[in-house]
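The structure file start_30.cif is reproduced below (mmCIF, C-alpha atoms and all ligand atoms).
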```cif
data_upload
loop_
_atom_site.label_atom_id
_atom_site.label_comp_id
_atom_site.auth_asym_id
_atom_site.auth_seq_id
_atom_site.Cartn_x
_atom_site.Cartn_y
_atom_site.Cartn_z
CA MET K 1 71.88 183.24 146.31
CA ILE K 2 69.45 181.20 148.33
CA PRO K 3 68.65 177.94 146.51
CA SER K 4 65.25 178.06 144.85
CA TRP K 5 63.85 175.10 146.80
CA PHE K 6 63.85 177.14 150.03
CA PRO K 7 61.94 180.36 150.94
CA ALA K 8 64.12 183.49 150.77
CA SER K 9 62.65 184.90 153.95
CA LEU K 10 61.05 183.40 157.00
CA PRO K 11 59.05 184.59 160.00
CA ALA K 12 60.72 184.75 163.43
CA ASP K 13 58.87 181.60 164.47
CA PHE K 14 58.59 178.59 162.14
CA TRP K 15 58.90 174.80 161.97
CA LEU K 16 61.19 172.69 159.79
CA ARG K 17 59.02 169.61 159.21
CA HIS K 18 60.04 166.08 158.29
CA ALA K 19 63.74 166.74 158.83
CA GLN K 20 66.30 163.99 159.32
CA VAL K 21 69.14 164.59 161.78
CA PRO K 22 72.12 162.31 162.44
CA SER K 23 71.46 161.18 166.00
CA ALA K 24 75.14 161.81 166.90
CA LEU K 25 74.39 165.51 166.44
CA LEU K 26 71.41 165.52 168.81
CA ASP K 27 71.53 166.06 172.55
CA VAL K 28 68.34 164.07 173.12
CA ALA K 29 67.99 160.30 172.81
CA THR K 30 65.74 159.64 169.81
CA ALA K 31 64.82 156.63 167.73
CA ALA K 32 67.00 156.45 164.61
CA ASP K 33 67.13 154.33 161.47
CA ALA K 34 69.93 151.95 160.45
CA GLU K 35 72.01 154.88 159.15
CA GLY K 36 71.62 156.71 162.47
CA LEU K 37 69.11 159.28 161.17
CA ALA K 38 66.27 160.50 163.38
CA ARG K 39 63.08 161.92 161.83
CA LEU K 40 62.11 165.18 163.51
CA ASP K 41 60.17 168.44 163.36
CA ILE K 42 62.28 171.36 164.59
CA ARG K 43 60.88 174.68 165.78
CA ILE K 44 62.98 177.82 165.30
CA THR K 45 62.04 180.86 167.35
CA ASP K 46 63.96 184.16 167.34
CA GLY K 47 67.09 182.56 165.88
CA ALA K 48 67.30 179.64 168.29
CA ILE K 49 66.06 176.06 168.37
CA ALA K 50 62.93 176.22 170.52
CA ALA K 51 61.52 172.70 170.21
CA ILE K 52 62.40 169.26 168.82
CA ALA K 53 59.53 166.82 168.24
CA PRO K 54 58.97 163.56 166.36
CA ALA K 55 58.32 164.11 162.62
CA GLY K 56 54.65 164.64 161.87
CA THR K 57 53.94 166.45 165.14
CA VAL K 58 53.03 169.70 163.36
CA ARG K 59 51.18 170.49 160.12
CA GLU K 60 52.45 174.03 159.46
CA GLY K 61 55.95 174.96 158.34
CA ILE K 62 58.57 174.09 155.74
CA ASP K 63 58.35 170.46 154.64
CA LEU K 64 61.94 169.22 154.12
CA ASP K 65 60.66 165.89 152.80
CA ARG K 66 63.28 163.97 154.83
CA GLY K 67 66.20 166.24 153.83
CA GLN K 68 68.99 166.22 156.41
CA VAL K 69 69.58 169.02 158.93
CA TRP K 70 73.04 169.44 160.48
CA PRO K 71 74.50 172.09 162.77
CA CYS K 72 77.00 174.45 161.09
CA PHE K 73 80.48 173.00 160.57
CA VAL K 74 83.62 173.53 162.60
CA ASP K 75 86.93 173.53 160.69
CA GLY K 76 89.54 172.85 163.36
CA HIS K 77 92.74 173.05 161.31
CA VAL K 78 93.40 175.36 158.34
CA HIS K 79 96.14 177.75 157.10
CA LEU K 80 94.41 180.99 156.12
CA ASP K 81 97.67 182.95 155.82
CA LYS K 82 98.88 180.66 153.02
CA THR K 83 95.57 180.23 151.19
CA GLN K 84 95.08 180.97 147.48
CA THR K 85 98.82 181.41 146.77
CA TRP K 86 98.91 178.52 144.28
CA PRO K 87 98.75 180.69 141.10
CA ARG K 88 101.95 182.56 141.97
CA ARG K 89 103.70 179.71 143.81
CA PRO K 90 102.68 176.21 142.74
CA ASN K 91 104.25 173.08 144.19
CA ALA K 92 106.48 171.85 141.37
CA ASP K 93 106.33 168.14 142.23
CA GLY K 94 103.41 167.85 144.70
CA THR K 95 105.60 166.52 147.53
CA HIS K 96 105.89 167.71 151.13
CA PRO K 97 109.49 168.98 150.64
CA GLY K 98 108.32 170.70 147.45
CA ALA K 99 105.53 172.43 149.40
CA LYS K 100 107.91 173.57 152.14
CA ALA K 101 110.42 175.04 149.69
CA ALA K 102 107.69 176.86 147.76
CA VAL K 103 106.13 178.37 150.91
CA ILE K 104 109.49 179.55 152.28
CA ALA K 105 110.22 181.37 149.01
CA ASP K 106 106.71 182.82 148.80
CA ARG K 107 106.53 183.93 152.44
CA GLY K 108 109.90 185.73 152.26
CA LYS K 109 108.91 187.64 149.15
CA TYR K 110 105.23 188.46 149.57
CA TYR K 111 103.69 187.94 153.03
CA THR K 112 102.75 191.46 154.19
CA GLU K 113 99.45 192.43 155.85
CA ASP K 114 98.24 193.74 152.45
CA ASP K 115 98.98 190.37 150.88
CA ILE K 116 97.67 188.10 153.65
CA GLU K 117 94.44 189.94 154.49
CA PRO K 118 92.55 189.65 151.16
CA ARG K 119 93.47 185.96 150.82
CA PHE K 120 92.52 185.20 154.43
CA ASP K 121 89.20 187.04 153.97
CA PHE K 122 88.54 185.15 150.70
CA GLY K 123 88.98 181.86 152.56
CA LEU K 124 86.54 182.96 155.25
CA ARG K 125 83.93 183.86 152.63
CA CYS K 126 84.27 180.41 151.05
CA ALA K 127 83.84 178.75 154.45
CA LEU K 128 80.83 180.88 155.38
CA ALA K 129 79.02 180.08 152.14
CA HIS K 130 79.61 176.35 152.63
CA GLY K 131 78.11 176.46 156.14
CA THR K 132 81.12 176.73 158.48
CA ALA K 133 80.70 178.81 161.63
CA ALA K 134 84.01 178.29 163.49
CA ILE K 135 87.60 177.98 162.28
CA ARG K 136 90.97 177.41 163.92
CA THR K 137 93.77 178.61 161.66
CA HIS K 138 97.49 178.05 162.00
CA LEU K 139 99.70 181.07 161.28
CA ASP K 140 103.32 180.78 160.11
CA SER K 141 105.15 182.34 163.05
CA TYR K 142 108.92 182.82 162.64
CA TRP K 143 109.32 185.51 165.26
CA PRO K 144 109.85 188.43 164.80
CA ASN K 145 108.60 187.91 161.24
CA ALA K 146 105.08 186.92 162.27
CA LYS K 147 103.61 190.24 163.33
CA ALA K 148 101.74 190.73 160.03
CA HIS K 149 100.09 187.29 160.33
CA TRP K 150 98.86 187.94 163.88
CA ALA K 151 97.76 191.52 163.13
CA VAL K 152 95.61 190.28 160.22
CA PHE K 153 94.18 187.51 162.41
CA ARG K 154 93.15 189.91 165.20
CA ARG K 155 91.57 192.32 162.72
CA LEU K 156 89.59 189.66 160.83
CA ARG K 157 88.61 187.81 164.02
CA ASP K 158 86.94 191.01 165.20
CA ALA K 159 85.48 191.90 161.78
CA TRP K 160 84.01 188.39 161.39
CA SER K 161 82.64 188.13 164.93
CA GLY K 162 79.11 186.70 164.84
CA ARG K 163 79.66 185.05 161.44
CA ILE K 164 82.76 182.87 161.91
CA GLU K 165 84.36 182.38 165.33
CA LEU K 166 88.11 182.43 164.70
CA GLN K 167 91.01 180.97 166.67
CA ALA K 168 94.71 181.11 165.73
CA VAL K 169 97.73 178.93 166.45
CA THR K 170 101.46 179.43 165.88
CA ILE K 171 103.22 177.08 163.51
CA CYS K 172 107.01 176.98 163.29
CA PRO K 173 109.63 174.33 164.11
CA LEU K 174 109.92 173.36 167.79
CA GLU K 175 113.51 174.70 167.80
CA ARG K 176 112.21 178.26 167.32
CA PHE K 177 110.95 178.23 170.93
CA ALA K 178 114.40 177.63 172.43
CA GLY K 179 115.50 181.24 172.97
CA ASP K 180 114.11 184.70 173.75
CA ASP K 181 112.24 184.82 170.43
CA GLY K 182 110.26 181.78 171.58
CA ALA K 183 109.14 183.59 174.74
CA ALA K 184 108.27 186.72 172.73
CA LEU K 185 106.20 184.63 170.34
CA ALA K 186 104.39 182.91 173.23
CA ASP K 187 103.62 186.38 174.64
CA GLU K 188 102.14 187.44 171.29
CA VAL K 189 99.96 184.32 171.33
CA ALA K 190 98.80 184.98 174.90
CA ASN K 191 98.05 188.64 174.12
CA SER K 192 96.04 187.58 171.04
CA GLY K 193 93.96 184.92 172.81
CA GLY K 194 95.69 182.27 170.69
CA VAL K 195 96.90 178.70 170.98
CA LEU K 196 100.56 177.61 171.13
CA GLY K 197 101.63 175.37 168.27
CA MET K 198 104.74 174.01 166.61
CA THR K 199 105.71 171.40 164.09
CA THR K 200 108.18 168.61 164.44
CA THR K 201 109.21 165.24 163.15
CA GLY K 202 111.61 162.91 164.90
CA GLU K 203 113.26 160.86 162.19
CA GLY K 204 115.83 158.33 163.32
CA GLY K 205 114.55 158.21 166.89
CA ARG K 206 115.39 161.89 167.50
CA ALA K 207 112.28 162.26 169.68
CA SER K 208 113.86 160.09 172.38
CA SER K 209 117.06 162.17 172.60
CA PRO K 210 117.73 164.40 175.66
CA GLU K 211 118.11 167.46 173.38
CA PHE K 212 114.64 166.93 171.90
CA GLN K 213 113.14 166.39 175.35
CA ASP K 214 114.70 169.64 176.61
CA LEU K 215 113.14 171.54 173.69
CA LEU K 216 109.78 169.91 174.34
CA ASP K 217 109.89 170.75 178.05
CA ARG K 218 110.78 174.34 177.21
CA PHE K 219 107.75 174.48 174.88
CA PHE K 220 105.45 173.04 177.55
CA SER K 221 106.73 175.51 180.15
CA LEU K 222 106.01 178.45 177.80
CA ALA K 223 102.41 177.20 177.46
CA GLU K 224 102.02 176.47 181.19
CA ASP K 225 103.35 179.90 182.25
CA ARG K 226 100.72 181.60 180.07
CA GLY K 227 97.84 179.14 180.48
CA LEU K 228 97.82 178.31 176.75
CA ALA K 229 96.26 175.35 174.96
CA MET K 230 98.39 173.53 172.36
CA ASP K 231 97.85 172.49 168.75
CA LEU K 232 100.71 170.62 167.12
CA HIS K 233 101.72 169.39 163.66
CA LEU K 234 103.39 166.06 164.44
CA ASP K 235 104.90 163.13 162.55
CA GLU K 236 103.69 164.21 159.09
CA THR K 237 105.94 161.62 157.50
CA ASP K 238 106.13 158.02 156.34
CA ASP K 239 109.18 157.46 158.57
CA ALA K 240 108.06 154.99 161.23
CA SER K 241 110.94 155.97 163.53
CA SER K 242 109.49 159.45 164.06
CA ARG K 243 107.67 159.23 167.40
CA THR K 244 107.03 162.80 168.49
CA LEU K 245 103.35 162.19 169.31
CA ASP K 246 104.48 159.56 171.78
CA ALA K 247 106.97 162.06 173.30
CA VAL K 248 104.32 164.79 173.55
CA ALA K 249 101.82 162.49 175.30
CA ARG K 250 104.47 161.25 177.77
CA THR K 251 105.57 164.83 178.51
CA ALA K 252 101.97 165.96 179.09
CA ILE K 253 101.40 163.08 181.53
CA ARG K 254 104.70 163.62 183.38
CA ARG K 255 104.11 167.37 183.77
CA GLY K 256 100.42 167.02 184.58
CA PHE K 257 99.62 169.43 181.71
CA LYS K 258 95.94 170.27 182.01
CA ALA K 259 95.12 172.58 179.06
CA PRO K 260 93.76 170.97 175.85
CA ILE K 261 96.24 169.50 173.35
CA GLN K 262 95.20 168.83 169.76
CA ALA K 263 97.62 166.86 167.55
CA GLY K 264 97.34 167.09 163.76
CA HIS K 265 98.47 164.71 161.01
CA VAL K 266 100.39 161.97 162.93
CA CYS K 267 100.34 160.13 159.59
CA ASN K 268 103.06 157.61 160.33
CA LEU K 269 101.16 155.61 162.96
CA THR K 270 99.78 153.57 160.07
CA VAL K 271 103.30 152.55 158.99
CA GLN K 272 104.54 151.71 162.50
CA SER K 273 104.15 148.29 164.09
CA ASP K 274 100.70 147.80 165.62
CA GLU K 275 102.35 147.47 169.01
CA GLU K 276 104.07 150.88 168.76
CA ALA K 277 101.01 152.64 167.39
CA ILE K 278 98.59 151.16 169.94
CA SER K 279 100.93 152.11 172.79
CA THR K 280 101.03 155.73 171.54
CA ILE K 281 97.23 155.77 171.16
CA ALA K 282 96.83 154.61 174.77
CA LEU K 283 99.18 157.38 175.94
CA CYS K 284 97.11 159.96 174.04
CA ALA K 285 93.95 158.71 175.75
CA GLU K 286 95.67 158.99 179.15
CA ALA K 287 97.10 162.46 178.40
CA GLY K 288 93.79 163.80 177.02
CA VAL K 289 95.23 164.54 173.56
CA SER K 290 92.69 165.07 170.74
CA ILE K 291 93.51 164.10 167.17
CA ILE K 292 92.70 166.06 164.03
CA ASN K 293 93.12 164.38 160.69
CA LEU K 294 93.56 166.14 157.34
CA PRO K 295 92.59 163.47 154.82
CA MET K 296 92.62 165.45 151.58
CA CYS K 297 96.02 167.11 152.16
CA ASN K 298 97.68 163.99 153.44
CA MET K 299 96.42 161.82 150.61
CA TYR K 300 97.80 164.48 148.24
CA LEU K 301 101.24 164.85 149.85
CA GLN K 302 102.07 161.49 151.37
CA GLY K 303 103.33 158.51 149.43
CA ARG K 304 104.01 160.65 146.36
CA GLU K 305 106.81 159.67 144.05
CA ALA K 306 106.98 160.59 140.35
CA GLY K 307 106.03 157.68 138.13
CA ARG K 308 105.06 155.45 141.07
CA THR K 309 101.46 154.72 142.03
CA PRO K 310 100.84 155.69 145.68
CA ARG K 311 100.35 152.69 147.98
CA TRP K 312 99.32 154.60 151.10
CA ARG K 313 96.34 156.80 152.02
CA GLY K 314 98.45 159.04 154.26
CA ILE K 315 95.91 159.16 157.08
CA THR K 316 96.38 158.19 160.71
CA MET K 317 94.66 155.42 162.71
CA VAL K 318 91.35 157.19 163.17
CA HIS K 319 89.31 154.11 164.04
CA GLU K 320 91.81 152.92 166.66
CA PHE K 321 92.09 156.37 168.25
CA ARG K 322 88.31 156.58 168.49
CA ALA K 323 88.01 153.10 169.97
CA ALA K 324 90.50 154.16 172.66
CA GLY K 325 88.30 157.12 173.60
CA VAL K 326 90.44 159.79 171.89
CA PRO K 327 88.34 162.53 170.19
CA VAL K 328 88.98 162.47 166.41
CA SER K 329 88.13 165.37 164.09
CA PHE K 330 88.61 165.99 160.38
CA ALA K 331 89.49 169.35 158.83
CA SER K 332 90.40 171.15 155.59
CA ASP K 333 94.07 171.99 156.24
CA ASN K 334 95.56 173.85 153.25
CA CYS K 335 93.46 175.17 150.36
CA ARG K 336 95.03 176.19 147.04
CA ASP K 337 98.55 176.65 148.31
CA PRO K 338 101.71 174.55 147.79
CA PHE K 339 100.61 172.00 150.42
CA TYR K 340 97.36 171.25 148.58
CA ALA K 341 96.43 172.38 145.08
CA TYR K 342 92.67 172.09 145.71
CA GLY K 343 90.21 172.57 148.60
CA ASP K 344 87.55 175.24 149.20
CA TYR K 345 86.92 175.19 152.99
CA ASP K 346 83.88 172.99 152.37
CA MET K 347 83.50 170.72 155.39
CA MET K 348 80.91 168.60 153.58
CA GLU K 349 83.63 167.83 151.03
CA VAL K 350 86.03 167.04 153.89
CA TYR K 351 83.48 164.73 155.51
CA ARG K 352 82.61 163.07 152.18
CA GLU K 353 86.28 162.46 151.34
CA ALA K 354 87.02 161.29 154.90
CA VAL K 355 84.21 158.73 154.66
CA ARG K 356 85.68 157.39 151.44
CA ILE K 357 89.37 157.51 152.40
CA ALA K 358 89.05 156.23 155.99
CA GLN K 359 85.95 154.04 155.47
CA LEU K 360 83.81 155.85 158.02
CA ASP K 361 80.74 153.92 156.85
CA HIS K 362 78.78 150.69 157.28
CA PRO K 363 77.94 151.74 159.91
CA TYR K 364 78.21 155.54 159.58
CA GLY K 365 78.06 155.64 163.37
CA SER K 366 78.75 158.97 164.99
CA TRP K 367 81.42 160.20 162.55
CA THR K 368 79.17 163.13 161.57
CA ALA K 369 80.33 164.65 164.88
CA SER K 370 83.93 164.70 163.61
CA VAL K 371 83.26 167.85 161.53
CA THR K 372 80.88 169.54 163.98
CA ARG K 373 80.62 168.94 167.71
CA THR K 374 83.89 167.02 168.23
CA PRO K 375 86.16 169.81 166.91
CA ALA K 376 83.92 172.41 168.62
CA ALA K 377 84.62 170.75 171.97
CA ALA K 378 88.30 169.94 171.26
CA CYS K 379 89.05 173.54 170.26
CA GLY K 380 86.80 175.07 172.92
CA PHE K 381 84.60 177.12 170.61
CA THR K 382 81.73 179.03 172.25
CA GLU K 383 78.94 177.27 170.34
CA ARG K 384 79.11 173.50 170.64
CA ARG K 385 77.50 172.83 167.23
CA ARG K 386 74.81 170.28 167.90
CA ILE K 387 71.03 170.20 167.49
CA ALA K 388 69.70 171.06 170.93
CA ILE K 389 66.95 173.16 172.45
CA GLY K 390 68.35 176.61 173.16
CA ALA K 391 71.21 176.28 170.63
CA ARG K 392 71.58 178.97 167.98
CA ALA K 393 69.72 178.01 164.81
CA ASP K 394 72.96 177.89 162.79
CA LEU K 395 72.04 174.98 160.54
CA VAL K 396 72.88 173.43 157.19
CA LEU K 397 69.92 171.96 155.30
CA PHE K 398 70.57 169.33 152.64
CA ARG K 399 68.29 167.80 150.03
CA GLY K 400 70.02 164.45 150.52
CA ARG K 401 67.85 162.06 152.54
CA SER K 402 69.85 158.89 153.10
CA MET K 403 73.60 158.93 153.72
CA THR K 404 74.29 157.72 150.18
CA GLU K 405 72.19 160.54 148.71
CA LEU K 406 74.08 162.96 150.92
CA LEU K 407 77.53 161.65 149.99
CA ALA K 408 76.96 160.86 146.31
CA ARG K 409 76.70 164.54 145.32
CA PRO K 410 78.49 167.71 146.49
CA GLN K 411 75.25 169.10 148.04
CA SER K 412 75.84 172.41 146.25
CA ASP K 413 72.16 173.24 146.68
CA ARG K 414 72.40 173.22 150.49
CA VAL K 415 70.77 176.04 152.49
CA VAL K 416 72.70 177.63 155.35
CA LEU K 417 70.64 179.15 158.17
CA ARG K 418 72.38 181.57 160.51
CA ASP K 419 70.39 182.62 163.58
CA GLY K 420 67.39 181.06 161.86
CA LYS K 421 67.70 183.15 158.68
CA PRO K 422 68.72 181.82 155.26
CA LEU K 423 72.18 183.07 154.36
CA ASP K 424 72.48 184.83 151.03
CA ALA K 425 76.10 183.75 150.50
CA SER K 426 77.55 183.07 147.09
CA LEU K 427 81.04 181.67 146.73
CA PRO K 428 83.60 184.35 145.87
CA ASP K 429 85.01 184.24 142.33
CA PHE K 430 88.63 183.11 142.08
CA ARG K 431 89.17 186.01 139.64
CA GLU K 432 89.06 188.31 142.70
CA MET K 433 92.40 186.86 143.68
CA ASP K 434 94.09 187.75 140.34
CA ALA K 435 95.08 191.19 141.63
CA VAL K 436 96.76 189.61 144.67
CA VAL K 437 98.40 186.42 143.37
CA GLY K 438 98.21 186.81 139.59
CA ALA K 439 95.91 185.12 137.10
CA PRO K 440 96.44 181.40 136.49
ZN ZN X 1 98.32 172.01 158.81
#
```
Step by step, read the file and then write its structure as structure tokens.
Ligand SMILES: [Zn+2]
Amino acid sequence: MIPSWFPASLPADFWLRHAQVPSALLDVATAADAEGLARLDIRITDGAIAAIAPAGTVREGIDLDRGQVWPCFVDGHVHLDKTQTWPRRPNADGTHPGAKAAVIADRGKYYTEDDIEPRFDFGLRCALAHGTAAIRTHLDSYWPNAKAHWAVFRRLRDAWSGRIELQAVTICPLERFAGDDGAALADEVANSGGVLGMTTTGEGGRASSPEFQDLLDRFFSLAEDRGLAMDLHLDETDDASSRTLDAVARTAIRRGFKAPIQAGHVCNLTVQSDEEAISTIALCAEAGVSIINLPMCNMYLQGREAGRTPRWRGITMVHEFRAAGVPVSFASDNCRDPFYAYGDYDMMEVYREAVRIAQLDHPYGSWTASVTRTPAAACGFTERRRIAIGARADLVLFRGRSMTELLARPQSDRVVLRDGKPLDASLPDFREMDAVVGAP
């Protein structure tokens, strides 16, 4: 369904008039208001942005009446192989250990290509309808029991080409890369055009032990030998002594590692001393590490204890990272699986919740880039997801004018343009999943 406020079909050449665009999403310097919004007319020709002019330049076209125009979203950290499994495998207590135990049991019993593919595809359809055009997914990869995950990824990446650009990353404990299986898994990643990833925590100072360092160097050498980028789940804990992000940044600097590294979660910086956290942040800036934060999942999982009100938001030091020049993105992470009971791959929801949880407002600044052009650049997606002449007209049009209108409501009546055409994309019905995971 295309929302009724917008024409269902358009000519190949038209103007969007009286649009407002966050200036952080523009490539041209333009006057903006106190919320960072620039008033513009935007010409779309043959599926691309052909001209950008001050609002009121033209008289013909679709009058957006100051509604906001954003580029399509980039979701730089999700888990499409786990998605939608909640009905058959809920997290009994909502904790991180509870999530891990549930996923291990579920994966061992059910995860075949026939099980993963319809759930993965369902997640992509949700994302497409909400206006996302690029996704990086992690895939549980316990070699040799990861072939189904990677086969589904390659198939759906090709099937979805042109609609959602897909990347995939391994996720398994760092220790899994120690032996021959680690090399075989790295080969699978290289042959699939993927990214090398692992997860680790370093409770009790483990990250400074020689054994940990040997494992980390082995992991780096596997990536270096194959020219792979990295994407890591690190320090997803409230234990301040876990300092694996620090170890990763030091190792990258010592080895002169040049490929991109994205680090996810790193929740515990906010419970470390300022001195420790700031030192790690400076190392990340020096090493060229990007940070991706998963605010909805981490607020759900972290600081949870039955009968006790949570005291902690679970997020990392996003403002301090940004001030140090480290790129910071936000992403969905898990949706309707034991790590997060909710979520729908809606990056406007992620941005809205991130604004509230991390106080990305007053001023709003350039945080709108954290769900669009920042993850596009950090992950190396083909389209850089900004409003620029020559860019594909992959746009999300909102009725919300000011930032508080935009963030006060879910913007369910948004219009998604792909190659300049309105997308007729309805959200899939959860009932479709009953045949795969059982009815709730
Ligand atoms: Zn994750």
Could you give me the residues within 7 Å of ligand ZN 1 (chain X), counting only C-alpha atoms and all ligand atoms, as an MDAnalysis selection string?
chainID K and resid 77:79 138 233 333:334
I'd like the contact shell of Val69 of chain K - 12 Å cut-off, all atoms listed in the file, skipping same-chain residues fewer than 3 positions apart - returned as a PyMOL selection string.
chain K and resi 16-23+25-26+37-42+64-66+72-73+131+368+386-387+393-402+406+414-417
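Shortest atom-to-atom contact with Thr137 of chain K among K:Ile281, K:Ala31, K:Ala331, K:Cys267: K:Ala331, counting all atoms listed in the file.
Of the residues listed (K:Val248, K:Ile104, K:Lys421, K:Ile291), K:Lys421 shows the shortest atom-to-atom separation from Phe14 of chain K; distances use all atoms listed in the file.
Between Leu80 of chain K and the residues K:Asp217, K:Glu165, K:Asp274, K:Asp121, the shortest atom-to-atom distance, using only C-alpha atoms, involves K:Asp121.
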Using only C-alpha atoms, which protein or nucleic acid residues come within 12 Å of Arg385 of chain K? Drop anything in the same chain fewer than 2 positions from it, and give the result as an MDAnalysis selection string.
chainID K and resid 24:27 49 70:75 131:134 165 368:383 387:396
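With all atoms listed in the file as the basis for measurement, K:Asp81 is the residue among K:Glu320, K:Asp33, K:Asp81, K:Asp46 that approaches Cys335 of chain K most closely.
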Up to 12 Å from (77.1, 166.3, 145.3) in the file's coordinates: name the residues, counting only C-alpha atoms, as a compact mmCIF listing (two decimals) with C-alpha atoms, in the coordinates of the input.
```
# COMPACT_ATOMS: atom_id res chain seq x y z
CA ASP K 346 83.88 172.99 152.37
CA MET K 348 80.91 168.60 153.58
CA GLU K 349 83.63 167.83 151.03
CA ARG K 352 82.61 163.07 152.18
CA GLU K 353 86.28 162.46 151.34
CA PHE K 398 70.57 169.33 152.64
CA ARG K 399 68.29 167.80 150.03
CA GLY K 400 70.02 164.45 150.52
CA MET K 403 73.60 158.93 153.72
CA THR K 404 74.29 157.72 150.18
CA GLU K 405 72.19 160.54 148.71
CA LEU K 406 74.08 162.96 150.92
CA LEU K 407 77.53 161.65 149.99
CA ALA K 408 76.96 160.86 146.31
CA ARG K 409 76.70 164.54 145.32
CA PRO K 410 78.49 167.71 146.49
CA GLN K 411 75.25 169.10 148.04
CA SER K 412 75.84 172.41 146.25
CA ASP K 413 72.16 173.24 146.68
CA ARG K 414 72.40 173.22 150.49
```
With all atoms listed in the file as the counted atoms, please give the residues lying no more than 12 Å from Val318 of chain K, apart from itself and same-chain residues fewer than 3 positions off, as a ChimeraX atom specification.
/K:264-267,269-270,277-278,281,290-295,314-315,321-330,354-355,357-360,367,370
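In terms of minimum interatomic distance to Ala306 of chain K, K:Ala92 ranks closest within K:Asp187, K:Ala92, K:Gly123, K:Gly47, counting all atoms listed in the file.
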K:Ser242, K:Glu211, K:Val195, K:Ala282: which is nearest Ala259 of chain K, counting all atoms listed in the file?
K:Val195
Show me, as a list in words, the residues that have an atom within 12 Å of Gly108 of chain K when counting all atoms listed in the file, minus same-chain residues fewer than 5 positions from it.
Ala101, Ala102, Val103, Asp115, Asp140, Tyr142, Asn145 and Ala146 of chain K
Output of the above residues as a short mmCIF file (atom, residue, chain, number, x, y, z; two decimals), in the frame of the given file, restricted to C-alpha atoms:
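Saved result, out30.cif, follows:
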```
data_model
loop_
_atom_site.label_atom_id
_atom_site.label_comp_id
_atom_site.auth_asym_id
_atom_site.auth_seq_id
_atom_site.Cartn_x
_atom_site.Cartn_y
_atom_site.Cartn_z
CA ALA K 101 110.42 175.04 149.69
CA ALA K 102 107.69 176.86 147.76
CA VAL K 103 106.13 178.37 150.91
CA ASP K 115 98.98 190.37 150.88
CA ASP K 140 103.32 180.78 160.11
CA TYR K 142 108.92 182.82 162.64
CA ASN K 145 108.60 187.91 161.24
CA ALA K 146 105.08 186.92 162.27
#
```
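For Leu283 of chain K, the residues within 7 Å (counting only C-alpha atoms, excluding itself and residues fewer than 3 positions away along the chain) are Ala249, Arg250, Ser279, Thr280, Glu286 and Ala287 of chain K.
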Residues within 12 Å of (96.2, 184.9, 174.1), file coordinates, counting only C-alpha atoms: what are they? Give the list as number ranges by chain.
K: 150, 154, 167-170, 185-196, 223, 225-230
Where atoms are absent from segment 215-223 of chain K, fill them in so it carries N, CA, C and O atoms, then output it as an mmCIF file, in the coordinates of the input.
```cif
data_model
loop_
_atom_site.group_PDB
_atom_site.id
_atom_site.type_symbol
_atom_site.label_atom_id
_atom_site.label_comp_id
_atom_site.auth_asym_id
_atom_site.auth_seq_id
_atom_site.Cartn_x
_atom_site.Cartn_y
_atom_site.Cartn_z
ATOM 1 N N LEU K 215 113.915 170.593 174.514
ATOM 2 C CA LEU K 215 113.140 171.540 173.690
ATOM 3 C C LEU K 215 111.646 171.406 173.976
ATOM 4 O O LEU K 215 110.917 172.395 174.091
ATOM 5 N N LEU K 216 111.206 170.159 174.104
ATOM 6 C CA LEU K 216 109.780 169.910 174.340
ATOM 7 C C LEU K 216 109.358 170.444 175.718
ATOM 8 O O LEU K 216 108.296 171.071 175.862
ATOM 9 N N ASP K 217 110.205 170.237 176.708
ATOM 10 C CA ASP K 217 109.890 170.750 178.050
ATOM 11 C C ASP K 217 109.858 172.272 178.068
ATOM 12 O O ASP K 217 109.015 172.874 178.727
ATOM 13 N N ARG K 218 110.771 172.872 177.328
ATOM 14 C CA ARG K 218 110.780 174.340 177.210
ATOM 15 C C ARG K 218 109.443 174.813 176.592
ATOM 16 O O ARG K 218 108.823 175.749 177.073
ATOM 17 N N PHE K 219 108.999 174.118 175.550
ATOM 18 C CA PHE K 219 107.750 174.480 174.880
ATOM 19 C C PHE K 219 106.565 174.338 175.847
ATOM 20 O O PHE K 219 105.715 175.227 175.943
ATOM 21 N N PHE K 220 106.533 173.239 176.573
ATOM 22 C CA PHE K 220 105.450 173.040 177.550
ATOM 23 C C PHE K 220 105.480 174.129 178.626
ATOM 24 O O PHE K 220 104.429 174.637 179.030
ATOM 25 N N SER K 221 106.676 174.504 179.080
ATOM 26 C CA SER K 221 106.730 175.510 180.150
ATOM 27 C C SER K 221 106.242 176.862 179.641
ATOM 28 O O SER K 221 105.592 177.611 180.375
ATOM 29 N N LEU K 222 106.519 177.185 178.365
ATOM 30 C CA LEU K 222 106.010 178.450 177.800
ATOM 31 C C LEU K 222 104.482 178.449 177.802
ATOM 32 O O LEU K 222 103.849 179.464 178.100
ATOM 33 N N ALA K 223 103.883 177.305 177.465
ATOM 34 C CA ALA K 223 102.410 177.200 177.460
ATOM 35 C C ALA K 223 101.872 177.260 178.890
ATOM 36 O O ALA K 223 100.899 177.979 179.176
#
```
